[in-house]
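Below is one structure, written out as structure tokens; the observations come after it.
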Amino acid sequence: MTIFTEKQRDALTELINIGFARTAASLSELTGNRVLLEAPMVSIHPISELSSKLATFVKGEVATVQQIFHGPVSGNALLLLNYDGAVMLSDLVCPEESPHSDRLDASGAEVLTEVGNILLNACLSVFGNLLEIQISFSVPRLYLEALDGLLHSLVIGKEEMRYAMVVYTAFRLRENAVTGYLVMVLGVVSLEKLLTSVDEWADISVENAAQNSA
Amino acid sequence: MIDLNYNLQKNLALLGWLNDHADQGIFTTDINLKITGWNHWLEIHSGLLAPAMMGRYLLEAYPQLSQRRLEKFYNQALSGQVVFLSQRLHGYLLPLPAIAVNSKLPQMFQSVRIAPLMVHGRVLGTITTIEDVSERVVREAELQSKIDELQRTEAMLRSTQARLQHLLSSSPAIIYTSEAKGDYSATFVSDNITEKLGYLPEEFLSEANFWVERVHPDDKPHVFAEFNRLFQLGHHAFEYRFRHHDGSYRWLRDEMKLVRNPQGGVEEIVGAWSDITERKKSEAQVQEQAALLDIATDAIMVWDLENRILFWNKGAEHLYGWTALEAVSQNGYQLLGGKSASSLIEAKKVVLARGEWQGELHQITKNGKEALVASRWTLVLDERGVPKSILAVNTDITEKKKLESQFLRTQRLESIGTLASGIAHDLNNILTPILGAVQLLQIELPPDKRDLMLQMLETNTKRGAELIKQVLSFAKGFEGERGVVQVRHLINEIVAIAKETFPKSIEFFSDIPRDLQLIYGDTTQLHQILMNLSVNARDAMPDGGTLSIKAANVVVSEVEARNQLGNVKPGDYVMIQVGDTGSGIPPDILDRIFEPFFTTKETGKGTGLGLSTVIGIVKSHGGFVCVESEVGQGTEFTVYLPAFEAAEAPQEEDRDMPAGAGQLILLVDDEAPICEITKATLEKYAYRVLTASNGLEAVDLYVQYQDEISLVLLDLMMPARNGPSTIRCLQAIEPDVKIIAITGLRGHAMTAEAASMGVQAFVSKPYTNQELLKILYTTLST
């Protein structure tokens, strides 16, 4: 089933890329190292298909930074990494002199939370500006659990049909790459609103581009 | 309205309570970041009270927030975002002192959340929560350093394990651990068991009775008995056979040790198996060889360079009477030395220089008997080639030598027998004219005839005497010692005898240079060589011919020496050639003539020992014999004897006749003519003489002239009180009486008896005047 059009996907990719650029700038400033985020690859799936989509990427435990957002559009935004990727990313953004570890301690988890918070804030604010709405955020939280448990928690207690916008990317810093997913779980109404706005934005962009080129 | 107001009041009270009792710092600002709330926690930790803080601009109160570029997070919050600041990336928000337990820290470590305060979608200000995570950070650091330490330890452990595993698998021994109770099942076995015994370690570990079932059934009782010792001593080693995977049995040495816990209880057994099959094999071989050494009849012994005996076989026990226990570590030279002590020192020099030595040694057995041994020595070197010990193999040749001398005696008697007929013939020829002359002299004869008769008598008597002298010199001294010998004299004697005794149809020819070298040997034996060869020559010429005896100095080259059998050394030799013009020896029997008992003579005429005696004697003198023969032409035997390398010129014959000084000699002999002649001789050389014809008379005279008599010259063979009893009587009168005994037969029992009685000297009949005078002179001078 095609949930969104080619045009919508391109527009979404462009929008998210703006968020990624901001995130990369914030992280570079914070860490003192150049941080890059690879160009996003966006797809939208019904939440029921999310498991098979992610299963190829994650085995066992996953680390997620989650922020719930409210407003005219509401949902759940997640940065999803496998456990080793989480440890590595936390380690890479910290100053080199700080202690290295092959597990995620509380301070490491906080670092990852902050990274997730930066990414989610950047992307959600792009959408907020686009939709010209004020989105209110919850405090970011880090969860370590199995993928099944995570997916279950995303569905439970929600009557509305929910979709997941999945954005694949990779953080590049200090000659390393950590791959991960930005996942936005939205109700069907929120998704509809978002896609409509994306379409409008894309048309304006095309017009602007046409005018500019003219 | 009242309700609403009440609820508001209640909520405000609740918030105030939460604010003041929260375990976090909480402050709020308006949209201009003017502080609107400052909770009790912050009052405590900042030391700044809420009334003083309220209404102050945050960035003025804490200007470092701008310097540290944290201001932007407030802008984010004011734009509606929730911001999270982790401790690890930012350290802290407000500089607050660390609490007492973390007083070493410069600051309180904080993790911070900054959120917008929103009402109906409008941002009214910010709220900041500060959590003190100092304790957590310190603990995490401690934990991390412990983890690092553990990881280092683990890495070390892993490398130690790897090293250990390498050592275990490269060790020649199989290392194992097993339970110290129950069925002693293995808990670890090193990998090299596969290489050594063909099993996999897992096979050992999985099967409880694996080990027990593979111990050789015959060794099991012994192994289990030994187990008790392990628990008594704490460690033990034993050896048993164990079945290899291929079914063969291997000898294992099992060294076990108990591992105890600090309380002293037995934890497990650690052990090592070494395959000692090869060692066992060589041990068995050594035992076999030792058994061989013990059944050897030769005495085999080893001594070190300090002459201490290290090894002594059963043969040695047998030969010398000393057991191995008595002999080992004794000084071998002192134990066996006897007459050969100096020869042993010489032999040791030779063996050290050349690596081997052989020769004959006179040694002494435990019960004092003399043993003559043929000894062969080899120098034993250690691994670096340094002399370590001497291996000696001694063969007892005492009996062999005795037999040899008996054999020589038999030979000699045989030669004498051969001679006897000739002597009888000659004596008859001598005696017949004498008898005739004596009968003629009984009647009156003209003086010229009488003189002729007397002259003939004298000539024949002289001939008779000469003949007897030669026979006697031949028979003299059966066991002569070796000395320097001039072969020329020997040849002359033999020629003289042969001329007298051999048929007149045989002519003699001899050619002996004046400068013939001396040899070192036994006169009697050399005499016998010449006699045997001459007799053979005579027998080869029944119809007459020429017997030639030649001698010459020759040099035997290395090549010639090597071509001879036996141990012939190159150098100067004296060559003696005995040739005949007789029948010759057919080539087919030429090789056999030196074999004992081989003879071509008629039964009863020869023993077949002549030539084998010759070769035996020549070899014992270090020489060799060659023979050339042509049938019908004759035979030539050539004897080579090593020349004596004398440093001094041969001594001229001693013509000295020492005279007395008027001493009174009591001469006792039952034979009046001898008595008279001896008396006349002694008187001529300035002695005074009393004579007695028997022992009784002698004792009477001695009693009378005891003070004057200087010496008694006594014939041991006398009637009426024989020699020894006369000596006893004389010694009873004067214990220090000087006596020279005259003996007729050497080796006679009486001689031995006299010797044991302390007679000063012996002189054997027939003796020359010179011999008598010399012995008298020497005895009187002592």
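Just remember, in the structure tokens the first chain shown is A, the second B, etc., residues are 1-based per chain, and ligands are 1-based in the order shown.
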Neighbours of chain A in chain B at 8 Å, counting only C-alpha atoms, as a PyMOL selection string: chain B and resi 80-89+113+115+121+137+140-141+144
Range 181-188 of chain B environment, 6 Å, only C-alpha atoms, sequence neighbours closer than 4 positions dropped, as a list in words: Tyr176, Thr177, Leu205 and Ala208 of chain B
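Residues of range 706-759 of chain B that DSSP, applied to the backbone, places in strand (DSSP E): Ile709, Ser710, Leu711, Val712, Leu713, Leu714, Asp715, Ile739, Ile740, Ala741, Ile742 and Thr743 of chain B.
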With N, CA and C atoms retained, could you export that selection as a compact mmCIF listing (two decimals), in the first residue's frame?
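This went into result.txt:
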```txt
# COMPACT_ATOMS: atom_id res chain seq x y z
N ILE B 709 135.42 -71.14 63.20
CA ILE B 709 134.72 -71.40 61.93
C ILE B 709 133.88 -70.18 61.52
N SER B 710 134.15 -69.67 60.32
CA SER B 710 133.41 -68.50 59.83
C SER B 710 132.15 -68.92 59.07
N LEU B 711 132.19 -70.13 58.48
CA LEU B 711 131.08 -70.51 57.61
C LEU B 711 131.07 -72.01 57.41
N VAL B 712 129.85 -72.55 57.24
CA VAL B 712 129.74 -73.98 57.00
C VAL B 712 129.21 -74.16 55.57
N LEU B 713 129.97 -74.97 54.79
CA LEU B 713 129.55 -75.28 53.41
C LEU B 713 129.05 -76.70 53.45
N LEU B 714 127.72 -76.88 53.22
CA LEU B 714 127.09 -78.14 53.58
C LEU B 714 126.31 -78.73 52.42
N ASP B 715 126.65 -80.02 52.10
CA ASP B 715 125.85 -80.73 51.08
C ASP B 715 124.57 -81.20 51.75
N ILE B 739 125.62 -70.50 56.91
CA ILE B 739 125.61 -71.78 56.21
C ILE B 739 125.32 -71.54 54.73
N ILE B 740 126.15 -72.18 53.87
CA ILE B 740 125.80 -72.23 52.45
C ILE B 740 125.46 -73.68 52.14
N ALA B 741 124.26 -73.89 51.60
CA ALA B 741 123.83 -75.26 51.31
C ALA B 741 124.15 -75.59 49.86
N ILE B 742 124.71 -76.82 49.67
CA ILE B 742 124.97 -77.29 48.30
C ILE B 742 123.81 -78.21 47.94
N THR B 743 123.16 -77.88 46.82
CA THR B 743 121.98 -78.68 46.45
C THR B 743 122.27 -79.43 45.17
```
Selection near range 177-186 of chain A, 9 Å with only C-alpha atoms, sequence-local residues under 4 positions removed, as a ChimeraX atom specification: /A:47,54,57,73-82,85-86,88-89,119-120,154,161-173,190-191
Restrict the selected residues to N, CA, C and O atoms and save them as a short mmCIF file (atom, residue, chain, number, x, y, z; two decimals), in the first residue's frame.
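The resulting file, result04.cif, is reproduced below:
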```cif
data_model
loop_
_atom_site.label_atom_id
_atom_site.label_comp_id
_atom_site.auth_asym_id
_atom_site.auth_seq_id
_atom_site.Cartn_x
_atom_site.Cartn_y
_atom_site.Cartn_z
N ILE A 47 1.78 0.64 11.78
CA ILE A 47 2.62 0.23 12.92
C ILE A 47 2.78 -1.28 13.00
O ILE A 47 3.78 -1.79 13.49
N LEU A 54 11.97 -3.24 11.08
CA LEU A 54 13.12 -2.99 11.95
C LEU A 54 13.90 -4.25 12.31
O LEU A 54 15.06 -4.17 12.72
N PHE A 57 17.31 -4.70 11.25
CA PHE A 57 18.31 -3.80 11.79
C PHE A 57 18.68 -4.14 13.23
O PHE A 57 19.84 -4.05 13.62
N VAL A 73 -1.07 18.27 16.24
CA VAL A 73 -0.53 16.98 15.80
C VAL A 73 0.13 16.37 17.02
O VAL A 73 0.91 17.04 17.70
N SER A 74 -0.19 15.12 17.29
CA SER A 74 0.45 14.51 18.48
C SER A 74 0.94 13.11 18.14
O SER A 74 0.47 12.49 17.18
N GLY A 75 1.82 12.70 18.94
CA GLY A 75 2.40 11.35 18.69
C GLY A 75 3.61 11.08 19.54
O GLY A 75 3.81 11.71 20.58
N ASN A 76 4.37 10.16 19.04
CA ASN A 76 5.52 9.68 19.80
C ASN A 76 6.73 9.74 18.87
O ASN A 76 6.73 9.17 17.79
N ALA A 77 7.79 10.47 19.30
CA ALA A 77 9.00 10.54 18.47
C ALA A 77 10.11 9.75 19.15
O ALA A 77 10.29 9.84 20.36
N LEU A 78 10.83 8.94 18.37
CA LEU A 78 11.87 8.07 18.95
C LEU A 78 13.15 8.14 18.13
O LEU A 78 13.11 8.17 16.90
N LEU A 79 14.26 8.14 18.86
CA LEU A 79 15.54 7.82 18.21
C LEU A 79 15.82 6.37 18.60
O LEU A 79 15.88 6.06 19.80
N LEU A 80 15.97 5.50 17.60
CA LEU A 80 16.10 4.08 17.88
C LEU A 80 17.48 3.58 17.42
O LEU A 80 17.87 3.77 16.26
N LEU A 81 18.18 3.02 18.36
CA LEU A 81 19.52 2.48 18.05
C LEU A 81 19.61 1.06 18.62
O LEU A 81 18.92 0.76 19.60
N ASN A 82 20.42 0.24 17.98
CA ASN A 82 20.64 -1.03 18.68
C ASN A 82 21.62 -0.77 19.84
O ASN A 82 22.24 0.30 19.92
N GLY A 85 25.21 0.23 19.09
CA GLY A 85 25.22 1.55 18.46
C GLY A 85 25.01 2.64 19.51
O GLY A 85 25.66 3.69 19.47
N ALA A 86 24.13 2.37 20.47
CA ALA A 86 23.84 3.33 21.54
C ALA A 86 25.09 3.59 22.37
O ALA A 86 25.46 4.74 22.64
N MET A 88 28.15 3.12 21.50
CA MET A 88 29.18 3.74 20.67
C MET A 88 28.89 5.23 20.48
O MET A 88 29.79 6.07 20.60
N LEU A 89 27.64 5.55 20.20
CA LEU A 89 27.31 6.95 19.96
C LEU A 89 27.54 7.78 21.22
O LEU A 89 28.12 8.86 21.17
N LEU A 119 18.04 15.84 18.44
CA LEU A 119 17.53 15.40 17.15
C LEU A 119 16.01 15.55 17.07
O LEU A 119 15.47 16.08 16.09
N LEU A 120 15.33 15.09 18.11
CA LEU A 120 13.86 15.12 18.09
C LEU A 120 13.36 16.56 18.12
O LEU A 120 12.43 16.93 17.38
N LEU A 154 4.14 0.92 22.07
CA LEU A 154 3.69 1.98 21.16
C LEU A 154 2.22 1.80 20.75
O LEU A 154 1.57 2.73 20.33
N MET A 161 -5.95 4.05 14.64
CA MET A 161 -5.02 3.42 13.72
C MET A 161 -3.77 4.27 13.68
O MET A 161 -3.82 5.48 13.52
N ARG A 162 -2.62 3.65 13.91
CA ARG A 162 -1.39 4.45 14.00
C ARG A 162 -0.40 4.05 12.91
O ARG A 162 -0.34 2.93 12.48
N TYR A 163 0.37 5.07 12.48
CA TYR A 163 1.41 4.87 11.45
C TYR A 163 2.77 5.27 12.01
O TYR A 163 2.86 6.06 12.94
N ALA A 164 3.75 4.73 11.39
CA ALA A 164 5.10 5.11 11.78
C ALA A 164 5.85 5.64 10.57
O ALA A 164 5.89 5.00 9.52
N MET A 165 6.36 6.87 10.77
CA MET A 165 7.25 7.40 9.75
C MET A 165 8.67 7.02 10.19
O MET A 165 9.09 7.36 11.29
N VAL A 166 9.34 6.23 9.34
CA VAL A 166 10.65 5.71 9.72
C VAL A 166 11.72 6.40 8.87
O VAL A 166 11.66 6.38 7.65
N VAL A 167 12.68 7.01 9.58
CA VAL A 167 13.73 7.73 8.87
C VAL A 167 15.07 7.05 9.21
O VAL A 167 15.48 7.03 10.36
N TYR A 168 15.68 6.50 8.18
CA TYR A 168 16.96 5.82 8.41
C TYR A 168 18.08 6.83 8.23
O TYR A 168 18.08 7.64 7.32
N THR A 169 19.05 6.80 9.12
CA THR A 169 20.20 7.68 8.96
C THR A 169 21.43 7.08 9.65
O THR A 169 21.35 6.02 10.27
N ALA A 170 22.53 7.78 9.50
CA ALA A 170 23.73 7.35 10.21
C ALA A 170 24.46 8.57 10.71
O ALA A 170 24.57 9.56 10.00
N PHE A 171 24.87 8.53 11.97
CA PHE A 171 25.70 9.59 12.55
C PHE A 171 27.14 9.30 12.16
O PHE A 171 27.61 8.18 12.35
N ARG A 172 27.81 10.32 11.62
CA ARG A 172 29.23 10.13 11.30
C ARG A 172 30.04 11.10 12.12
O ARG A 172 29.84 12.30 12.05
N LEU A 173 30.94 10.56 12.92
CA LEU A 173 31.83 11.43 13.68
C LEU A 173 33.07 10.63 14.12
O LEU A 173 32.99 9.42 14.30
N SER A 190 -3.33 12.83 12.60
CA SER A 190 -2.11 13.63 12.63
C SER A 190 -1.31 13.46 11.36
O SER A 190 -0.79 14.43 10.79
N LEU A 191 -1.25 12.19 10.90
CA LEU A 191 -0.49 11.91 9.69
C LEU A 191 -1.10 12.65 8.51
O LEU A 191 -0.39 13.24 7.69
#
```
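Using only C-alpha atoms, the nearest neighbour of Phe20 in chain A within the list A:Leu36, A:Ser48, A:His152, A:Leu104 is A:Leu36.
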Range 57-171 of chain A: residues DSSP assigns to helix (DSSP H, G or I), reported as a PyMOL selection string: chain A and resi 83-93+106-131+147-155
Shell around Ala341 in chain B at 9 Å using only C-alpha atoms, local window under 6 positions removed, as a PyMOL selection string: chain B and resi 333-334+361-363
Keeping only C-alpha atoms, take the residues you just selected and write them out as a PDB file, in the first residue's frame.
```pdb
ATOM      1  CA  TYR B 333      96.232 -51.285  42.698  1.00  0.00           C
ATOM      2  CA  GLN B 334      96.521 -51.894  46.416  1.00  0.00           C
ATOM      3  CA  LEU B 361     100.074 -59.166  35.362  1.00  0.00           C
ATOM      4  CA  HIS B 362     100.988 -61.025  38.554  1.00  0.00           C
ATOM      5  CA  GLN B 363      98.227 -60.283  41.011  1.00  0.00           C
TER       6      GLN B 363
END
```
